[in-house]
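Here the structure comes first, spelled out in structure tokens, and everything after it is commentary.
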Number of protein chains: 2
Amino acid sequence: MAEASQTTRDGIVAAAGELFYAGSIRDISVDRIAAQAGVTKKTVYYHFRSKDELVAAYLDARNRPTLERYRRWAGKGGSMADRIERMFRSLQKAAKSHEWNGCGFTRVAVELADLPGHPALDVARNHKRGFEGWLRQDLADSGYEDAGELSEMLMIILDGAITRMLVHRDPHYAAVAARAARRLLSR
Amino acid sequence: MAEASQTTRDGIVAAAGELFYAGSIRDISVDRIAAQAGVTKKTVYYHFRSKDELVAAYLDARNRPTLERYRRWAGKGGSMADRIERMFRSLQKAAKSHEWNGCGFTRVAVELADLPGHPALDVARNHKRGFEGWLRQDLADSGYEDAGELSEMLMIILDGAITRMLVHRDPHYAAVAARAARRLLSR
């Protein structure tokens with residue numbers, strides 16, 4: 001793709017991302033995304049065959065930065081429980097922002113729960129599998145023999161804490177989640 | 001309310017509930033709900049001032065039956081960990097049905113995450129507070145001194161397991177959740 005074309009595409013994905021994350025996948029129209037990106041609707045459809053494809057591209061663009069943010073939050077030093085606690089502490093801080101609106105991947109999957117063939121669902125699942133894979137590796141590297149089982153438990157706790165923080169608009173669940181994780185990781 | 005009128009209202013709520021749970025709050029129109037309930041749109045608006053109020057009524061009607069279902073799943077005998085395990089085992093079975101579509105309360109809260117004043121959000125929160133209160137009481141009755149903290153942890157695990165089962169369409173997370181709960185409840 002030519003550089004200018006790639007820049008336009010990135011701008012559309014960024015505009016879509018802002019609107020989708022702050023609002024609702026189903027309510028945000030391609031018209032609004034085009035206006036936000038400062039391009040015509042025709043240009044959006046030059047880059048994306050459909051709105052569905054654009055939703056998938058929005059999540060895909062979010063995949064790596066999200067994982068990297070969580071890794072940065074966890075940091076490198078200390079025990080696995082320390083890293084998970086730091087991760088949850090940063091998440092708790094992030095959730096205090098008015099702009100925080102839960103996990104974008106979960107929200108897309110929940111909003112599109114009645115559309116099993118939607119391409120964004122695969123992207124959401126891949127993201128969560130990637131996240132779980134990172135935890136499993138870190139657990140294995142830390143000497144946990146049941147790294148597979150523990151990584152699934154930690155993902156349940158992470159998704160549960162985010163869900164509860166979103167539903168109740170109460171970030172303290174991140175601290176509860178960190179303590180639950182520490183208990184599960186104790187040996 | 002006269003009996004016939006109450007029956008009509010219940011029929012509208014039941015029709016709305018079927019459509020909302022299987023589909024999406026935002027996509028299902030009052031027209032479709034009226035058609036499903038076999039009444040006119042005017043009749044719907046005689047009973048509910050707005051679609052928002054109908055969404056709240058749908059969740060409210062679901063509150064008690066949902067709690068009772070989970071209590072029934074948990075049963076009475078055995079330890080707290082046994083009851084939680086039975087609850088998750090039944091949830092896992094329920095999630096295998098094609099009609100299972102996650103937690104209706106969470107899904108409404110997620111779908112309406114950009115509408116903080118929506119009346120259904122309060123109903124969703126009340127439901128989850130009621131659920132947590134039941135667990136806290138059961139934990140306290142079972143002699144757990146940290147019943148408050150543990151009930152929050154169990155709710156995180158429950159919401160997390162349901163979220164993951166929905167996103168991945170994979171009921172095995174309920175079994176992982178049960179094992180995590182058992183570890184947290186061990187003393």
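Every chain in the structure tokens takes a letter, A first, then B, and so on in the order presented; its residues are numbered from 1, and the ligands are numbered from 1 following the presented order.
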With only C-alpha atoms as the counted atoms, please give the residues lying no more than 10 Å from region 10-26 of chain B, apart from itself and same-chain residues fewer than 4 positions off, as number ranges by chain. A: 24, 26-27, 110-115; B: 4-6, 30, 32-39, 43-44, 47-48, 51-52, 54-62, 99-105, 107-108, 111-112
Distance filter 6 Å, only C-alpha atoms, chain A against chain B, as an NGL selection string: :A and (23 or 109 or 111 or 114 or 156-157 or 159-161 or 167)
Could the residues in this selection be saved with C-alpha atoms as a PDB file, in the first residue's frame?
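Final file, out_13.pdb:
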```
ATOM      1  CA  GLY A  23     -19.904   4.504  22.141  1.00  0.00           C
ATOM      2  CA  ALA A 109     -17.912  -9.686  21.578  1.00  0.00           C
ATOM      3  CA  GLU A 111     -22.423  -6.418  21.614  1.00  0.00           C
ATOM      4  CA  ASP A 114     -26.040 -12.570  18.306  1.00  0.00           C
ATOM      5  CA  ILE A 156     -11.155 -15.307  34.365  1.00  0.00           C
ATOM      6  CA  ILE A 157     -10.238 -12.984  37.216  1.00  0.00           C
ATOM      7  CA  ASP A 159     -12.182 -10.405  32.680  1.00  0.00           C
ATOM      8  CA  GLY A 160     -14.386 -10.626  35.758  1.00  0.00           C
ATOM      9  CA  ALA A 161     -12.788  -7.622  37.433  1.00  0.00           C
ATOM     10  CA  VAL A 167     -21.075  -2.583  35.388  1.00  0.00           C
TER      11      VAL A 167
END
```
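Look at Pro171 (chain A): the protein and nucleic acid residues within 8 Å of it, using only C-alpha atoms and passing over chain neighbours fewer than 3 places away, are Gln92, Lys93, Ala95, Lys96, Met165, Ala174 and Ala175 of chain A.
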To one decimal in Å, tell me the separation between CA of Arg72 (chain A) and CA of Ser90 (chain A). 9.6 Å
Got a sec: who's within 10 Å of Ser142 (chain A), counting only C-alpha atoms, leaving out chain neighbours fewer than 4 positions off, as a PyMOL selection string? chain A and resi 79-80+136-138+147
Chain A: residues DSSP assigns to alpha helix (DSSP H), reported as a PyMOL selection string: chain A and resi 3-22+30-37+41-47+51-74+80-95+104-111+119-141+147-168+173-185
Output for the residues just chosen: C-alpha atoms as a tab-separated table (two decimals), in the first residue's frame:
```tsv
chain	number	residue	atom	x	y	z
A	3	GLU	CA	2.30	5.55	2.17
A	4	ALA	CA	-0.46	8.16	1.78
A	5	SER	CA	-3.05	5.42	1.42
A	6	GLN	CA	-1.77	3.66	4.54
A	7	THR	CA	-1.96	6.95	6.46
A	8	THR	CA	-5.55	7.43	5.36
A	9	ARG	CA	-6.41	3.89	6.39
A	10	ASP	CA	-4.76	4.37	9.79
A	11	GLY	CA	-6.70	7.60	10.27
A	12	ILE	CA	-9.98	5.85	9.57
A	13	VAL	CA	-9.15	3.04	11.99
A	14	ALA	CA	-8.15	5.56	14.67
A	15	ALA	CA	-11.37	7.54	14.19
A	16	ALA	CA	-13.44	4.35	14.28
A	17	GLY	CA	-11.61	3.25	17.41
A	18	GLU	CA	-12.34	6.46	19.30
A	19	LEU	CA	-16.02	6.32	18.40
A	20	PHE	CA	-16.50	2.59	18.90
A	21	TYR	CA	-14.74	2.51	22.27
A	22	ALA	CA	-16.57	5.55	23.61
A	30	VAL	CA	-19.83	4.63	8.74
A	31	ASP	CA	-21.02	8.18	8.00
A	32	ARG	CA	-19.95	9.29	11.45
A	33	ILE	CA	-16.63	7.54	11.23
A	34	ALA	CA	-15.94	9.16	7.84
A	35	ALA	CA	-16.79	12.59	9.27
A	36	GLN	CA	-14.57	11.99	12.30
A	37	ALA	CA	-11.69	10.87	10.08
A	41	LYS	CA	-17.74	7.56	2.98
A	42	LYS	CA	-16.46	6.40	-0.40
A	43	THR	CA	-12.90	6.56	0.93
A	44	VAL	CA	-13.89	4.41	3.91
A	45	TYR	CA	-15.33	1.82	1.54
A	46	TYR	CA	-12.21	1.99	-0.60
A	47	HIS	CA	-10.23	0.75	2.40
A	51	LYS	CA	-18.47	-1.85	8.46
A	52	ASP	CA	-17.91	-5.36	9.85
A	53	GLU	CA	-14.42	-5.36	8.40
A	54	LEU	CA	-13.77	-1.94	9.93
A	55	VAL	CA	-14.87	-3.16	13.36
A	56	ALA	CA	-12.45	-6.08	13.01
A	57	ALA	CA	-9.67	-3.69	11.92
A	58	TYR	CA	-10.36	-1.46	14.95
A	59	LEU	CA	-9.87	-4.41	17.32
A	60	ASP	CA	-6.88	-5.71	15.40
A	61	ALA	CA	-5.16	-2.32	15.71
A	62	ARG	CA	-5.85	-2.43	19.46
A	63	ASN	CA	-4.45	-5.94	19.97
A	64	ARG	CA	-0.72	-5.35	20.25
A	65	PRO	CA	-0.86	-1.96	22.05
A	66	THR	CA	-3.23	-3.42	24.64
A	67	LEU	CA	-1.01	-6.40	25.33
A	68	GLU	CA	2.03	-4.14	25.53
A	69	ARG	CA	0.27	-1.81	27.94
A	70	TYR	CA	-0.58	-4.68	30.29
A	71	ARG	CA	2.96	-6.05	30.07
A	72	ARG	CA	4.33	-2.60	30.89
A	73	TRP	CA	1.94	-2.37	33.82
A	74	ALA	CA	3.10	-5.77	35.10
A	80	MET	CA	4.50	-13.41	39.43
A	81	ALA	CA	2.06	-12.28	42.15
A	82	ASP	CA	3.90	-8.95	42.36
A	83	ARG	CA	3.64	-8.46	38.61
A	84	ILE	CA	-0.04	-9.33	38.54
A	85	GLU	CA	-0.65	-6.98	41.47
A	86	ARG	CA	1.11	-4.12	39.66
A	87	MET	CA	-0.94	-4.89	36.56
A	88	PHE	CA	-4.17	-4.68	38.53
A	89	ARG	CA	-3.05	-1.54	40.35
A	90	SER	CA	-2.44	0.22	37.03
A	91	LEU	CA	-5.72	-1.08	35.67
A	92	GLN	CA	-7.49	0.33	38.72
A	93	LYS	CA	-5.88	3.71	38.07
A	94	ALA	CA	-6.84	3.59	34.38
A	95	ALA	CA	-10.44	2.69	35.25
A	104	GLY	CA	-12.89	-3.09	24.04
A	105	PHE	CA	-12.54	-6.72	22.96
A	106	THR	CA	-15.09	-8.04	25.44
A	107	ARG	CA	-17.46	-5.22	24.64
A	108	VAL	CA	-17.40	-5.97	20.93
A	109	ALA	CA	-17.91	-9.69	21.58
A	110	VAL	CA	-20.82	-8.96	23.93
A	111	GLU	CA	-22.42	-6.42	21.61
A	119	PRO	CA	-15.16	-11.15	11.74
A	120	ALA	CA	-14.45	-9.02	14.83
A	121	LEU	CA	-15.26	-11.97	17.10
A	122	ASP	CA	-12.22	-13.87	15.84
A	123	VAL	CA	-10.03	-10.84	16.50
A	124	ALA	CA	-11.40	-10.55	20.05
A	125	ARG	CA	-10.76	-14.24	20.70
A	126	ASN	CA	-7.26	-14.10	19.25
A	127	HIS	CA	-6.44	-11.17	21.49
A	128	LYS	CA	-7.57	-13.01	24.58
A	129	ARG	CA	-5.75	-16.15	23.54
A	130	GLY	CA	-2.61	-14.08	23.04
A	131	PHE	CA	-3.02	-12.52	26.46
A	132	GLU	CA	-3.51	-15.93	28.06
A	133	GLY	CA	-0.45	-17.22	26.20
A	134	TRP	CA	1.69	-14.43	27.62
A	135	LEU	CA	0.54	-15.24	31.18
A	136	ARG	CA	1.05	-18.97	30.64
A	137	GLN	CA	4.60	-18.37	29.45
A	138	ASP	CA	5.38	-16.03	32.32
A	139	LEU	CA	3.95	-18.55	34.80
A	140	ALA	CA	5.94	-21.39	33.26
A	141	ASP	CA	9.10	-19.26	33.31
A	147	ALA	CA	0.83	-22.70	34.24
A	148	GLY	CA	-1.97	-23.62	31.80
A	149	GLU	CA	-4.62	-23.91	34.51
A	150	LEU	CA	-3.37	-20.82	36.36
A	151	SER	CA	-3.31	-18.67	33.23
A	152	GLU	CA	-6.96	-19.55	32.60
A	153	MET	CA	-7.81	-18.66	36.19
A	154	LEU	CA	-6.02	-15.33	35.93
A	155	MET	CA	-7.83	-14.52	32.70
A	156	ILE	CA	-11.16	-15.31	34.37
A	157	ILE	CA	-10.24	-12.98	37.22
A	158	LEU	CA	-9.07	-10.24	34.87
A	159	ASP	CA	-12.18	-10.40	32.68
A	160	GLY	CA	-14.39	-10.63	35.76
A	161	ALA	CA	-12.79	-7.62	37.43
A	162	ILE	CA	-13.10	-5.53	34.27
A	163	THR	CA	-16.72	-6.56	33.83
A	164	ARG	CA	-17.59	-5.66	37.41
A	165	MET	CA	-15.68	-2.37	37.25
A	166	LEU	CA	-17.66	-1.49	34.14
A	167	VAL	CA	-21.07	-2.58	35.39
A	168	HIS	CA	-20.69	-0.95	38.80
A	173	TYR	CA	-12.70	-4.64	42.10
A	174	ALA	CA	-9.21	-4.49	40.56
A	175	ALA	CA	-7.71	-4.56	44.07
A	176	VAL	CA	-9.93	-7.49	45.07
A	177	ALA	CA	-8.87	-9.29	41.88
A	178	ALA	CA	-5.20	-8.72	42.71
A	179	ARG	CA	-5.67	-10.28	46.15
A	180	ALA	CA	-7.54	-13.25	44.64
A	181	ALA	CA	-4.72	-13.71	42.12
A	182	ARG	CA	-2.12	-13.62	44.90
A	183	ARG	CA	-3.95	-16.36	46.79
A	184	LEU	CA	-4.15	-18.53	43.70
A	185	LEU	CA	-0.46	-17.99	42.95
```
